[in-house]
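S.K.: Input work-v9.tsv, format and content: TSV, C-alpha atoms.
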chain	number	residue	atom	x	y	z
A	30	MET	CA	-14.02	22.14	11.71
A	31	ALA	CA	-15.17	21.34	15.25
A	32	SER	CA	-17.21	18.43	16.42
A	33	ALA	CA	-20.19	18.75	18.75
A	34	ARG	CA	-19.78	16.12	21.41
A	35	PRO	CA	-21.33	15.78	24.84
A	36	ASP	CA	-19.82	18.12	27.45
A	37	SER	CA	-17.82	15.34	29.07
A	38	GLN	CA	-15.65	15.12	25.95
A	39	PRO	CA	-13.23	17.96	25.17
A	40	PRO	CA	-13.88	19.73	21.85
A	41	ARG	CA	-11.66	18.73	18.95
A	42	PHE	CA	-10.51	20.62	15.89
A	43	PHE	CA	-8.94	19.27	12.76
A	44	ILE	CA	-6.15	20.50	10.54
A	45	GLN	CA	-6.90	19.08	7.12
A	46	ARG	CA	-4.50	17.86	4.48
A	47	ASP	CA	-3.10	20.34	1.98
A	48	TYR	CA	-3.39	18.76	-1.48
A	49	THR	CA	-2.12	21.71	-3.52
A	50	MET	CA	1.15	19.92	-4.23
A	51	GLY	CA	-0.49	16.56	-5.04
A	52	THR	CA	-0.74	13.46	-2.91
A	53	VAL	CA	2.39	14.16	-0.83
A	54	VAL	CA	1.63	14.36	2.86
A	55	GLN	CA	1.33	18.03	3.80
A	56	PHE	CA	-1.03	19.70	6.25
A	57	GLU	CA	-2.62	23.12	6.01
A	58	LYS	CA	-0.58	25.76	7.76
A	59	GLN	CA	-3.65	27.95	8.32
A	60	PRO	CA	-5.26	26.99	11.64
A	61	PRO	CA	-8.91	25.90	11.39
A	62	ALA	CA	-11.27	28.89	11.35
A	63	ASP	CA	-13.34	27.87	14.37
A	64	LEU	CA	-10.25	27.35	16.51
A	65	SER	CA	-9.09	30.94	16.03
A	66	SER	CA	-11.78	32.29	18.32
A	67	LYS	CA	-10.99	29.85	21.12
A	68	VAL	CA	-7.25	30.30	21.60
A	69	THR	CA	-4.74	33.16	21.73
A	70	GLN	CA	-2.80	34.50	18.77
A	71	ASP	CA	0.34	33.17	20.41
A	72	ALA	CA	-1.05	29.65	20.42
A	73	LEU	CA	-2.07	29.93	16.77
A	74	HIS	CA	1.41	31.10	15.85
A	75	VAL	CA	3.01	28.16	17.65
A	76	LEU	CA	0.53	25.82	16.00
A	77	SER	CA	1.43	27.19	12.58
A	78	ASP	CA	5.15	26.66	13.25
A	79	THR	CA	4.52	23.13	14.50
A	80	VAL	CA	2.52	22.19	11.40
A	81	GLU	CA	5.30	23.58	9.22
A	82	HIS	CA	7.81	21.40	11.07
A	83	ILE	CA	5.53	18.37	10.73
A	84	ASN	CA	5.32	19.05	6.99
A	85	SER	CA	9.09	19.16	6.73
A	86	ILE	CA	9.40	15.81	8.56
A	87	PHE	CA	7.01	14.21	6.06
A	88	GLU	CA	8.82	15.79	3.14
A	89	GLU	CA	12.06	14.31	4.43
A	90	ALA	CA	10.44	10.92	5.02
A	91	GLU	CA	9.05	10.70	1.50
A	92	ALA	CA	12.09	12.14	-0.29
A	93	LEU	CA	13.67	9.91	-2.94
A	94	ASP	CA	17.25	10.40	-1.83
A	95	GLY	CA	20.25	8.09	-1.51
A	96	ALA	CA	18.89	6.38	1.60
A	97	ALA	CA	15.62	5.52	-0.13
A	98	TYR	CA	17.52	4.16	-3.13
A	99	LEU	CA	19.78	2.03	-0.91
A	100	GLU	CA	16.72	0.68	0.89
A	101	GLY	CA	15.21	-0.33	-2.43
A	102	CYS	CA	18.41	-2.09	-3.46
A	103	LEU	CA	18.61	-3.87	-0.11
A	104	ALA	CA	15.01	-5.01	-0.48
A	105	CYS	CA	15.76	-6.44	-3.91
A	106	LEU	CA	18.93	-8.21	-2.75
A	107	THR	CA	17.35	-9.75	0.30
A	108	LEU	CA	14.22	-10.72	-1.65
A	109	CYS	CA	12.05	-8.37	0.38
A	110	THR	CA	12.84	-10.21	3.60
A	111	TYR	CA	14.76	-7.36	5.17
A	112	TYR	CA	11.50	-5.63	6.10
A	113	VAL	CA	10.84	-8.31	8.71
A	114	TRP	CA	14.30	-8.28	10.25
A	115	PRO	CA	13.79	-6.98	13.80
A	116	CYS	CA	16.98	-4.92	13.80
A	117	VAL	CA	16.10	-2.83	10.76
A	118	GLN	CA	13.91	0.25	10.74
A	119	THR	CA	12.95	1.73	7.40
A	120	LYS	CA	13.53	5.40	6.67
A	121	TYR	CA	9.82	6.12	6.94
A	122	GLU	CA	9.51	4.31	10.28
A	123	LYS	CA	12.42	6.35	11.62
A	124	ALA	CA	10.77	9.56	10.46
A	125	MET	CA	7.46	8.60	12.13
A	126	HIS	CA	9.30	7.90	15.34
A	127	LYS	CA	10.99	11.30	15.06
A	128	LEU	CA	7.58	12.89	14.55
A	129	ALA	CA	6.18	11.11	17.59
A	130	VAL	CA	9.05	12.38	19.74
A	131	TYR	CA	8.61	15.92	18.39
A	132	LEU	CA	4.87	15.94	19.07
A	133	GLU	CA	5.41	14.55	22.55
A	134	THR	CA	7.87	17.34	23.30
A	135	GLN	CA	5.63	20.04	21.84
A	136	ASN	CA	2.58	18.72	23.69
A	137	SER	CA	4.29	18.57	27.05
A	138	THR	CA	6.03	21.95	26.79
A	139	VAL	CA	4.42	24.49	24.51
A	140	PHE	CA	0.89	23.27	23.92
A	141	ARG	CA	0.14	22.32	27.49
A	142	GLN	CA	0.35	25.94	28.62
A	143	HIS	CA	-2.09	26.91	25.86
A	144	GLY	CA	-4.45	24.10	26.82
A	145	MET	CA	-4.12	22.09	23.62
A	146	ARG	CA	-2.88	18.65	22.66
A	147	LEU	CA	-2.02	17.44	19.19
A	148	VAL	CA	-2.71	13.87	18.10
A	149	HIS	CA	-0.16	12.09	15.89
A	150	PRO	CA	-1.59	12.18	12.33
A	151	MET	CA	-0.81	8.47	11.89
A	152	GLU	CA	-3.49	7.74	14.48
A	153	ARG	CA	-5.97	9.33	12.09
A	154	GLY	CA	-4.73	7.70	8.90
A	155	LEU	CA	-2.68	10.75	7.85
A	156	ARG	CA	-5.92	12.57	7.08
A	157	VAL	CA	-5.96	15.22	9.80
A	158	ILE	CA	-3.97	16.52	12.73
A	159	GLU	CA	-6.47	16.41	15.57
A	160	ILE	CA	-6.27	19.18	18.16
A	161	VAL	CA	-7.85	18.43	21.52
A	162	LEU	CA	-8.79	21.61	23.33
A	163	LEU	CA	-8.31	20.96	27.03
A	164	ARG	CA	-9.41	24.44	27.99
A	165	SER	CA	-10.21	27.65	26.11
A	166	SER	CA	-8.08	30.71	26.67
B	16	MET	CA	-2.88	-7.97	33.77
B	17	SER	CA	-4.43	-6.01	30.93
B	18	ASP	CA	-5.94	-7.84	28.00
B	19	VAL	CA	-3.89	-6.69	25.03
B	20	ARG	CA	-5.99	-6.55	21.90
B	21	ARG	CA	-4.30	-5.93	18.61
B	22	LYS	CA	-5.80	-3.38	16.23
B	23	TYR	CA	-6.40	-5.95	13.52
B	24	GLU	CA	-8.82	-7.84	15.76
B	25	SER	CA	-11.23	-4.92	15.74
B	26	PHE	CA	-10.64	-3.91	12.15
B	27	GLU	CA	-13.94	-3.42	10.30
B	28	GLY	CA	-12.87	-4.14	6.72
B	29	ASP	CA	-12.96	-7.57	5.05
B	30	ASN	CA	-9.40	-8.79	5.34
B	31	THR	CA	-7.59	-11.96	6.31
B	32	PHE	CA	-4.90	-11.40	8.90
B	33	LEU	CA	-2.12	-13.90	9.42
B	34	CYS	CA	0.88	-14.08	11.75
B	35	LYS	CA	-0.78	-11.97	14.45
B	36	GLY	CA	-1.65	-9.16	12.09
B	37	ARG	CA	1.68	-8.98	10.30
B	38	LEU	CA	0.25	-10.25	7.01
B	39	VAL	CA	-2.78	-8.60	5.41
B	40	MET	CA	-4.71	-10.22	2.59
B	41	ALA	CA	-8.18	-10.11	1.08
B	42	LYS	CA	-10.97	-12.15	2.58
B	43	ARG	CA	-11.03	-14.81	-0.14
B	44	ILE	CA	-7.62	-16.03	-1.23
B	45	GLY	CA	-8.59	-19.16	-3.19
B	46	ILE	CA	-7.45	-17.83	-6.56
B	47	PHE	CA	-4.21	-16.60	-5.01
B	48	LEU	CA	-3.50	-20.06	-3.57
B	49	GLY	CA	-4.31	-21.56	-6.98
B	50	ASN	CA	-1.86	-19.12	-8.55
B	51	VAL	CA	0.88	-20.05	-6.07
B	52	SER	CA	0.24	-23.76	-6.62
B	53	LEU	CA	0.45	-23.38	-10.38
B	54	LEU	CA	3.70	-21.44	-10.12
B	55	THR	CA	5.16	-23.95	-7.65
B	56	VAL	CA	4.22	-27.01	-9.69
B	57	THR	CA	5.52	-25.52	-12.93
B	58	SER	CA	8.75	-24.44	-11.24
B	59	ILE	CA	9.30	-27.83	-9.61
B	60	LEU	CA	8.69	-29.64	-12.90
B	61	PHE	CA	11.05	-27.27	-14.69
B	62	PHE	CA	13.85	-27.53	-12.13
B	63	ALA	CA	13.51	-31.26	-11.67
B	64	PHE	CA	13.75	-32.12	-15.35
B	65	ASP	CA	14.65	-29.36	-17.75
B	66	ALA	CA	17.06	-27.39	-15.61
B	67	VAL	CA	18.98	-30.51	-14.66
B	68	TYR	CA	19.21	-31.60	-18.29
B	69	LEU	CA	20.26	-28.16	-19.52
B	70	GLY	CA	22.74	-27.77	-16.68
B	71	GLN	CA	24.40	-31.01	-17.70
B	72	HIS	CA	24.18	-30.76	-21.48
B	73	SER	CA	24.36	-27.06	-22.11
B	74	SER	CA	25.32	-24.48	-19.56
B	75	PHE	CA	24.97	-23.92	-15.82
B	76	ALA	CA	23.59	-20.49	-16.59
B	77	PHE	CA	20.15	-21.95	-17.34
B	78	PRO	CA	19.30	-23.25	-13.86
B	79	LEU	CA	21.12	-20.32	-12.25
B	80	VAL	CA	19.21	-17.58	-14.05
B	81	ALA	CA	15.97	-19.49	-13.73
B	82	GLY	CA	16.59	-19.97	-10.02
B	83	ILE	CA	17.18	-16.28	-9.44
B	84	LEU	CA	14.12	-15.29	-11.47
B	85	CYS	CA	12.01	-17.87	-9.65
B	86	LEU	CA	13.05	-16.57	-6.24
B	87	LEU	CA	12.44	-12.96	-7.26
B	88	THR	CA	9.01	-13.84	-8.67
B	89	PHE	CA	7.92	-15.58	-5.50
B	90	ALA	CA	9.39	-12.86	-3.28
B	91	THR	CA	7.58	-10.05	-5.09
B	92	LEU	CA	4.34	-12.07	-5.26
B	93	PHE	CA	4.49	-12.73	-1.56
B	94	ARG	CA	5.26	-9.12	-0.82
B	95	THR	CA	2.39	-7.84	-3.00
B	96	ALA	CA	-0.04	-10.33	-1.54
B	97	THR	CA	0.67	-9.89	2.14
B	98	ILE	CA	1.28	-6.21	2.78
B	99	ASP	CA	-1.29	-3.54	3.53
B	100	PRO	CA	-1.92	-1.89	0.14
B	101	GLY	CA	-2.58	1.50	1.71
B	102	ILE	CA	-5.81	0.94	3.60
B	103	LEU	CA	-7.22	4.16	4.99
B	104	PRO	CA	-8.52	3.46	8.48
B	105	ARG	CA	-12.15	4.42	9.04
B	106	ALA	CA	-12.85	7.62	10.87
B	107	THR	CA	-13.98	7.11	14.44
B	108	GLY	CA	-15.15	9.31	17.28
B	109	ALA	CA	-14.81	13.05	16.86
B	110	GLU	CA	-13.38	12.89	13.35
B	111	LYS	CA	-16.31	10.75	12.19
B	112	ASP	CA	-18.81	13.18	13.72
B	113	ALA	CA	-17.09	16.16	12.11
B	114	ASN	CA	-16.99	14.49	8.68
B	115	ASP	CA	-20.63	13.35	8.86
B	116	HIS	CA	-21.63	16.86	9.86
B	117	GLU	CA	-19.69	18.41	6.98
B	118	ASN	CA	-21.24	15.88	4.60
B	119	SER	CA	-24.80	16.72	5.64
B	120	VAL	CA	-24.06	20.46	5.42
B	121	ARG	CA	-22.67	20.09	1.91
B	122	ILE	CA	-25.59	17.92	0.80
B	123	ALA	CA	-27.97	20.58	2.11
B	124	ASN	CA	-26.02	23.12	0.03
B	125	GLY	CA	-26.38	20.93	-3.02
B	126	GLU	CA	-22.68	20.06	-3.32
B	127	HIS	CA	-23.17	16.51	-4.42
B	128	ASN	CA	-23.31	14.47	-7.57
B	129	ASN	CA	-26.96	13.83	-8.39
B	130	SER	CA	-26.43	10.13	-9.01
B	131	TYR	CA	-25.67	9.39	-5.37
B	132	GLN	CA	-27.10	11.98	-3.07
B	133	GLN	CA	-25.80	10.51	0.16
B	134	SER	CA	-22.23	11.58	-0.46
B	135	SER	CA	-21.01	15.12	-1.02
B	136	ILE	CA	-18.01	16.56	-2.77
B	137	ARG	CA	-15.09	18.62	-1.54
B	138	THR	CA	-13.16	20.55	-4.16
B	139	HIS	CA	-9.39	20.85	-4.01
B	140	THR	CA	-6.99	22.76	-6.24
B	141	ILE	CA	-4.09	20.49	-7.01
B	142	LYS	CA	-1.17	22.11	-8.82
B	143	GLY	CA	-3.50	24.67	-10.32
B	144	GLU	CA	-6.21	22.24	-11.44
B	145	ALA	CA	-9.53	21.81	-9.68
B	146	MET	CA	-10.35	18.31	-8.53
B	147	SER	CA	-13.24	17.04	-6.45
B	148	VAL	CA	-13.10	14.29	-3.86
B	149	ARG	CA	-16.07	12.37	-2.65
B	150	PHE	CA	-17.29	11.43	0.81
B	151	CYS	CA	-17.21	7.70	1.53
B	152	THR	CA	-20.31	6.71	3.48
B	153	THR	CA	-18.77	3.43	4.66
B	154	CYS	CA	-15.50	4.84	5.94
B	155	HIS	CA	-16.92	8.27	6.92
B	156	ILE	CA	-14.04	10.13	5.31
B	157	TYR	CA	-13.49	12.42	2.37
B	158	ARG	CA	-11.27	10.31	0.17
B	159	PRO	CA	-7.85	11.78	-0.66
B	160	PRO	CA	-7.17	12.28	-4.39
B	161	ARG	CA	-6.60	8.95	-6.19
B	162	ALA	CA	-8.05	6.96	-3.33
B	163	SER	CA	-10.99	4.68	-3.98
B	164	HIS	CA	-13.21	2.34	-2.02
B	165	CYS	CA	-12.68	-1.35	-2.76
B	166	GLY	CA	-15.95	-3.24	-2.46
B	167	ILE	CA	-14.22	-6.57	-1.94
B	168	CYS	CA	-11.94	-5.47	0.85
B	169	ASN	CA	-14.56	-2.98	2.09
B	170	SER	CA	-12.00	-0.25	2.75
B	171	CYS	CA	-10.78	2.91	1.06
B	172	ILE	CA	-7.36	2.32	-0.46
B	173	GLU	CA	-4.83	5.05	-1.27
B	174	ASN	CA	-3.80	5.39	-4.93
B	175	PHE	CA	-6.15	2.51	-5.70
B	176	ASP	CA	-5.28	0.61	-8.87
B	177	HIS	CA	-7.47	-2.50	-8.79
B	178	HIS	CA	-8.31	-5.52	-6.67
B	179	CYS	CA	-6.32	-8.44	-8.05
B	180	PRO	CA	-7.72	-11.88	-7.13
B	181	TRP	CA	-4.57	-13.55	-8.51
B	182	VAL	CA	-2.56	-11.76	-5.91
B	183	GLY	CA	-5.23	-12.02	-3.24
B	184	ASN	CA	-5.06	-8.34	-2.35
B	185	CYS	CA	-5.82	-4.86	-3.59
B	186	VAL	CA	-3.10	-3.11	-5.54
B	187	GLY	CA	-2.66	0.33	-4.06
B	188	LYS	CA	-0.08	2.85	-3.04
B	189	ARG	CA	2.07	0.65	-0.82
B	190	ASN	CA	2.26	-2.47	-2.95
B	191	TYR	CA	2.09	-1.16	-6.51
B	192	ARG	CA	5.85	-1.33	-6.96
B	193	TYR	CA	5.94	-4.96	-5.84
B	194	PHE	CA	2.98	-5.76	-8.09
B	195	TYR	CA	4.72	-4.23	-11.11
B	196	LEU	CA	7.97	-6.02	-10.24
B	197	PHE	CA	6.00	-9.25	-9.86
B	198	LEU	CA	4.54	-8.82	-13.37
B	199	LEU	CA	8.00	-8.00	-14.72
B	200	PHE	CA	9.74	-10.96	-13.08
B	201	LEU	CA	6.91	-13.33	-13.90
B	202	SER	CA	6.96	-12.33	-17.58
B	203	THR	CA	10.74	-12.69	-17.73
B	204	TYR	CA	10.65	-15.98	-15.82
B	205	GLY	CA	7.83	-17.32	-17.96
B	206	LEU	CA	9.59	-16.40	-21.19
B	207	PHE	CA	12.90	-17.81	-19.94
B	208	VAL	CA	11.29	-21.09	-18.88
B	209	LEU	CA	9.42	-21.33	-22.16
B	210	GLY	CA	12.59	-20.69	-24.12
B	211	SER	CA	14.62	-23.16	-22.04
B	212	VAL	CA	12.00	-25.88	-22.33
B	213	VAL	CA	11.74	-25.44	-26.09
B	214	TYR	CA	15.54	-25.54	-26.31
B	215	ARG	CA	15.62	-28.73	-24.27
B	216	ILE	CA	12.99	-30.36	-26.45
B	217	VAL	CA	15.02	-29.40	-29.51
B	218	LEU	CA	18.20	-30.85	-27.96
B	219	VAL	CA	16.45	-34.10	-27.04
B	220	SER	CA	14.92	-34.41	-30.49
B	221	ARG	CA	18.36	-34.07	-32.07
B	222	GLU	CA	20.13	-36.72	-29.99
B	223	ASP	CA	20.01	-40.33	-31.13
B	224	GLY	CA	17.75	-39.42	-34.04
B	225	ASN	CA	14.56	-40.43	-32.19
B	226	SER	CA	11.36	-40.57	-34.12
B	227	PHE	CA	8.72	-38.01	-33.35
B	228	PRO	CA	6.39	-39.88	-30.94
B	229	GLN	CA	9.34	-41.55	-29.22
B	230	PHE	CA	11.17	-38.44	-28.15
B	231	LEU	CA	7.96	-36.79	-26.95
B	232	GLY	CA	7.62	-39.65	-24.54
B	233	LYS	CA	11.01	-38.70	-23.11
B	234	VAL	CA	9.96	-35.16	-22.28
B	235	PRO	CA	6.38	-35.33	-20.93
B	236	CYS	CA	6.94	-32.81	-18.16
B	237	SER	CA	8.58	-30.37	-20.50
B	238	ILE	CA	5.50	-30.45	-22.70
B	239	ILE	CA	3.29	-29.74	-19.69
B	240	VAL	CA	5.50	-26.86	-18.56
B	241	CYS	CA	5.62	-25.53	-22.08
B	242	CYS	CA	1.83	-25.52	-22.40
B	243	ILE	CA	1.27	-23.87	-19.03
B	244	CYS	CA	3.82	-21.17	-19.81
B	245	ALA	CA	2.49	-20.54	-23.27
B	246	PHE	CA	-1.11	-20.13	-22.11
B	247	SER	CA	-0.41	-17.93	-19.12
B	248	ALA	CA	2.47	-15.92	-20.54
B	249	PHE	CA	0.37	-13.92	-22.95
B	250	SER	CA	-1.98	-12.39	-20.40
B	251	VAL	CA	0.85	-11.68	-17.94
B	252	ILE	CA	3.03	-10.06	-20.59
B	253	GLY	CA	0.04	-8.07	-21.81
B	254	LEU	CA	-0.68	-6.79	-18.31
B	255	CYS	CA	2.99	-6.02	-17.76
B	256	GLY	CA	3.08	-4.02	-20.97
B	257	PHE	CA	-0.07	-2.14	-19.96
B	258	HIS	CA	1.36	-1.18	-16.56
B	259	SER	CA	4.70	-0.22	-18.14
B	260	LYS	CA	2.79	2.17	-20.37
B	261	LEU	CA	0.99	3.58	-17.31
B	262	ILE	CA	4.26	4.17	-15.51
B	263	ALA	CA	6.12	5.63	-18.47
I need this file expressed as structure tokens, please.
M.R.:
Amino acid sequence: MASARPDSQPPRFFIQRDYTMGTVVQFEKQPPADLSSKVTQDALHVLSDTVEHINSIFEEAEALDGAAYLEGCLACLTLCTYYVWPCVQTKYEKAMHKLAVYLETQNSTVFRQHGMRLVHPMERGLRVIEIVLLRSS
Amino acid sequence: MSDVRRKYESFEGDNTFLCKGRLVMAKRIGIFLGNVSLLTVTSILFFAFDAVYLGQHSSFAFPLVAGILCLLTFATLFRTATIDPGILPRATGAEKDANDHENSVRIANGEHNNSYQQSSIRTHTIKGEAMSVRFCTTCHIYRPPRASHCGICNSCIENFDHHCPWVGNCVGKRNYRYFYLFLLFLSTYGLFVLGSVVYRIVLVSREDGNSFPQFLGKVPCSIIVCCICAFSAFSVIGLCGFHSKLIA
């Protein structure tokens, strides 16, 4: 889905959320239909791989594993105060930081040569991954 | 030097922000403050009189258990009341334009519920079942499944349960666990206090063989605590039971 903005603004495309598995955060691996005509097959392939990696980061962040359990116990023991301790980062915060680093790397290396830039989904309320098209190929 | 503006200062929903945006509550928190006051007063009365008496005459376990339950109740209440329940930020810029465009296209195609023709429906297949999500005209987004718009907070909330005035916040995805724990700890604390107070009254009535009106005069605060607990315990326990059934 593209947006029609004045020519001074670069066109943007959106990768929507994939709700087939429920409310877990996953994004659609299929690139948006209107983007396919504007970029190369190579770029679409890289985009698909990136979205898959983003999905795996979210899956890891939301997984109910030992670390999540320990965090819950710690929260109970410290009467929920540990969330405000400056030295502690929750598992989810760490995962979001990891995602930010990954997107930064992808944007500056792979996507730049294809003329695209991905926006961190947290900036859009985890609804979409926004793709800014800097130039069409 | 750039003028740093925090995001909460330009937030469009109806929320109270405290501690430079670190605490998020609903706009009107009067009932919440009343709730906190009631809990504080009851707890102070209990600890000042009954817990001391029971600690001396019965067992130290009474004030200890009550103390732990009290702290846990307040901690979970505070956590439920002051964290972001899962507010979905409004769409801005290009995303807003794209969503508005999609909405008008779908309305033109007739994909809307006839009762409110301004907002269209997107259909998703979730684990094999079809489910439709609605467009929110205030937030300019298609709500994710289980999200709902809270009229009081004026924002869409993820996994929206309800807006609780007692807690001064919506109960949504991010604070549901603390809300449930609050109900659990409050019920347990309330029952424990009620039981302890009744036990204290019984102990006092047995010592020295006081006559009925006389010994009541010795335990005025206990009576007050007992009444408050008895009246409020039923609704809290009921709600706790209801949410336990929802979770199970």
S.K.: Which residues of chain B have any atom within 7 Å of an atom in chain A when counting all atoms listed in the file, and what is the closest pair of atoms for each, with the distance in Å to one decimal? Order the rows by chain and rising number and write it as CSV.
M.R.:
residue,atom,partner,partner_atom,distance
B:Leu87,CA,A:Leu108,CA,6.3
B:Ala90,CA,A:Leu108,CA,5.5
B:Arg94,CA,A:Cys109,CA,6.9
B:Leu103,CA,A:Gly154,CA,5.8
B:Pro104,CA,A:Gly154,CA,5.7
B:Ala109,CA,A:Ser32,CA,5.9
B:Asp112,CA,A:Ser32,CA,6.1
B:Ala113,CA,A:Ser32,CA,4.9
B:His139,CA,A:Tyr48,CA,6.8
B:Thr140,CA,A:Thr49,CA,5.7
B:Ile141,CA,A:Thr49,CA,4.2
B:Lys142,CA,A:Thr49,CA,5.4
B:Pro160,CA,A:Thr52,CA,6.7
S.K.: Restricting the calculation to all atoms listed in the file: of A:Gln70, A:Thr134, A:Ser65, A:Asn84, which residue gets closest to A:Pro150?
M.R.: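 Going through A:Gln70, A:Thr134, A:Ser65, A:Asn84 one by one, the smallest distance to A:Pro150 is for A:Asn84.
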S.K.: For atom CA of B:Gly256 and atom CA of B:Cys185, determine how far apart the two atoms are, in Å to one decimal place.
M.R.: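 According to the coordinates, atom CA of B:Gly256 and atom CA of B:Cys185 are separated by 19.5 Å.
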S.K.: Report the distance between atom CA of B:Asn30 and atom CA of B:Lys42 in Å, rounded to one decimal place.
M.R.: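 The value is 4.6 Å.
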S.K.: In Å to one decimal, how far is atom CA of B:His155 from atom CA of B:Ile172?
M.R.: 13.5 Å
S.K.: Give me the residues within 10 Å of B:Phe64 as a list in words, counting all atoms listed in the file and dropping any in the same chain fewer than 6 places off.
M.R.: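 Counting all atoms listed in the file, the residues come to Val212, Arg215, Val234, Pro235, Cys236 and Ser237 of chain B.
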S.K.: The selected residues should be written to file as a PDB file, keeping the file's coordinate frame (atoms: C-alpha atoms).
M.R.:
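selection_18.pdb written:
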ATOM      1  CA  VAL B 212      12.000 -25.880 -22.330  1.00  0.00           C
ATOM      2  CA  ARG B 215      15.620 -28.730 -24.270  1.00  0.00           C
ATOM      3  CA  VAL B 234       9.960 -35.160 -22.280  1.00  0.00           C
ATOM      4  CA  PRO B 235       6.380 -35.330 -20.930  1.00  0.00           C
ATOM      5  CA  CYS B 236       6.940 -32.810 -18.160  1.00  0.00           C
ATOM      6  CA  SER B 237       8.580 -30.370 -20.500  1.00  0.00           C
TER       7      SER B 237
END
S.K.: Which protein, DNA or RNA residues are at most 10 Å from (-0.5, 18.6, 23.2) in the file's coordinates when you count only C-alpha atoms, listed as a ChimeraX atom specification?
M.R.: /A:132-149,159-163
S.K.: My list of candidates is A:Glu57, A:Val130, A:Ala62, A:Leu93. Which is closest to A:Asp78 when distances are computed with all atoms listed in the file?
M.R.: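 For A:Asp78, the nearest of the candidates is A:Glu57.
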S.K.: Here is a test: counting all atoms listed in the file, which residue of B:Ile136, B:Val51, B:Val182, B:Ile98 is nearest to B:Phe150?
M.R.: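 Smallest separation from B:Phe150 among the options: B:Ile136.
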S.K.: Report as a ChimeraX atom specification all protein, DNA and RNA residues lying within 12 Å of B:Ser211, evaluated on all atoms listed in the file, omitting residues in the same chain fewer than 3 positions from it.
M.R.: /B:61-62,64-70,73-74,76-78,80-81,203-208,214-218,237-238,240-241,244
S.K.: Pull C-alpha atoms from the residues just selected and write them as a compact mmCIF listing (two decimals), keeping the file's coordinate frame.
M.R.:
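result.txt, written as the output of this step:
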# COMPACT_ATOMS: atom_id res chain seq x y z
CA PHE B 61 11.05 -27.27 -14.69
CA PHE B 62 13.85 -27.53 -12.13
CA PHE B 64 13.75 -32.12 -15.35
CA ASP B 65 14.65 -29.36 -17.75
CA ALA B 66 17.06 -27.39 -15.61
CA VAL B 67 18.98 -30.51 -14.66
CA TYR B 68 19.21 -31.60 -18.29
CA LEU B 69 20.26 -28.16 -19.52
CA GLY B 70 22.74 -27.77 -16.68
CA SER B 73 24.36 -27.06 -22.11
CA SER B 74 25.32 -24.48 -19.56
CA ALA B 76 23.59 -20.49 -16.59
CA PHE B 77 20.15 -21.95 -17.34
CA PRO B 78 19.30 -23.25 -13.86
CA VAL B 80 19.21 -17.58 -14.05
CA ALA B 81 15.97 -19.49 -13.73
CA THR B 203 10.74 -12.69 -17.73
CA TYR B 204 10.65 -15.98 -15.82
CA GLY B 205 7.83 -17.32 -17.96
CA LEU B 206 9.59 -16.40 -21.19
CA PHE B 207 12.90 -17.81 -19.94
CA VAL B 208 11.29 -21.09 -18.88
CA TYR B 214 15.54 -25.54 -26.31
CA ARG B 215 15.62 -28.73 -24.27
CA ILE B 216 12.99 -30.36 -26.45
CA VAL B 217 15.02 -29.40 -29.51
CA LEU B 218 18.20 -30.85 -27.96
CA SER B 237 8.58 -30.37 -20.50
CA ILE B 238 5.50 -30.45 -22.70
CA VAL B 240 5.50 -26.86 -18.56
CA CYS B 241 5.62 -25.53 -22.08
CA CYS B 244 3.82 -21.17 -19.81
S.K.: Find the spatial neighbours of A:Val117, counting only C-alpha atoms, within a cut-off of 12 Å - ignore same-chain residues fewer than 5 positions away - and output them as a count of residues only.
M.R.: 8
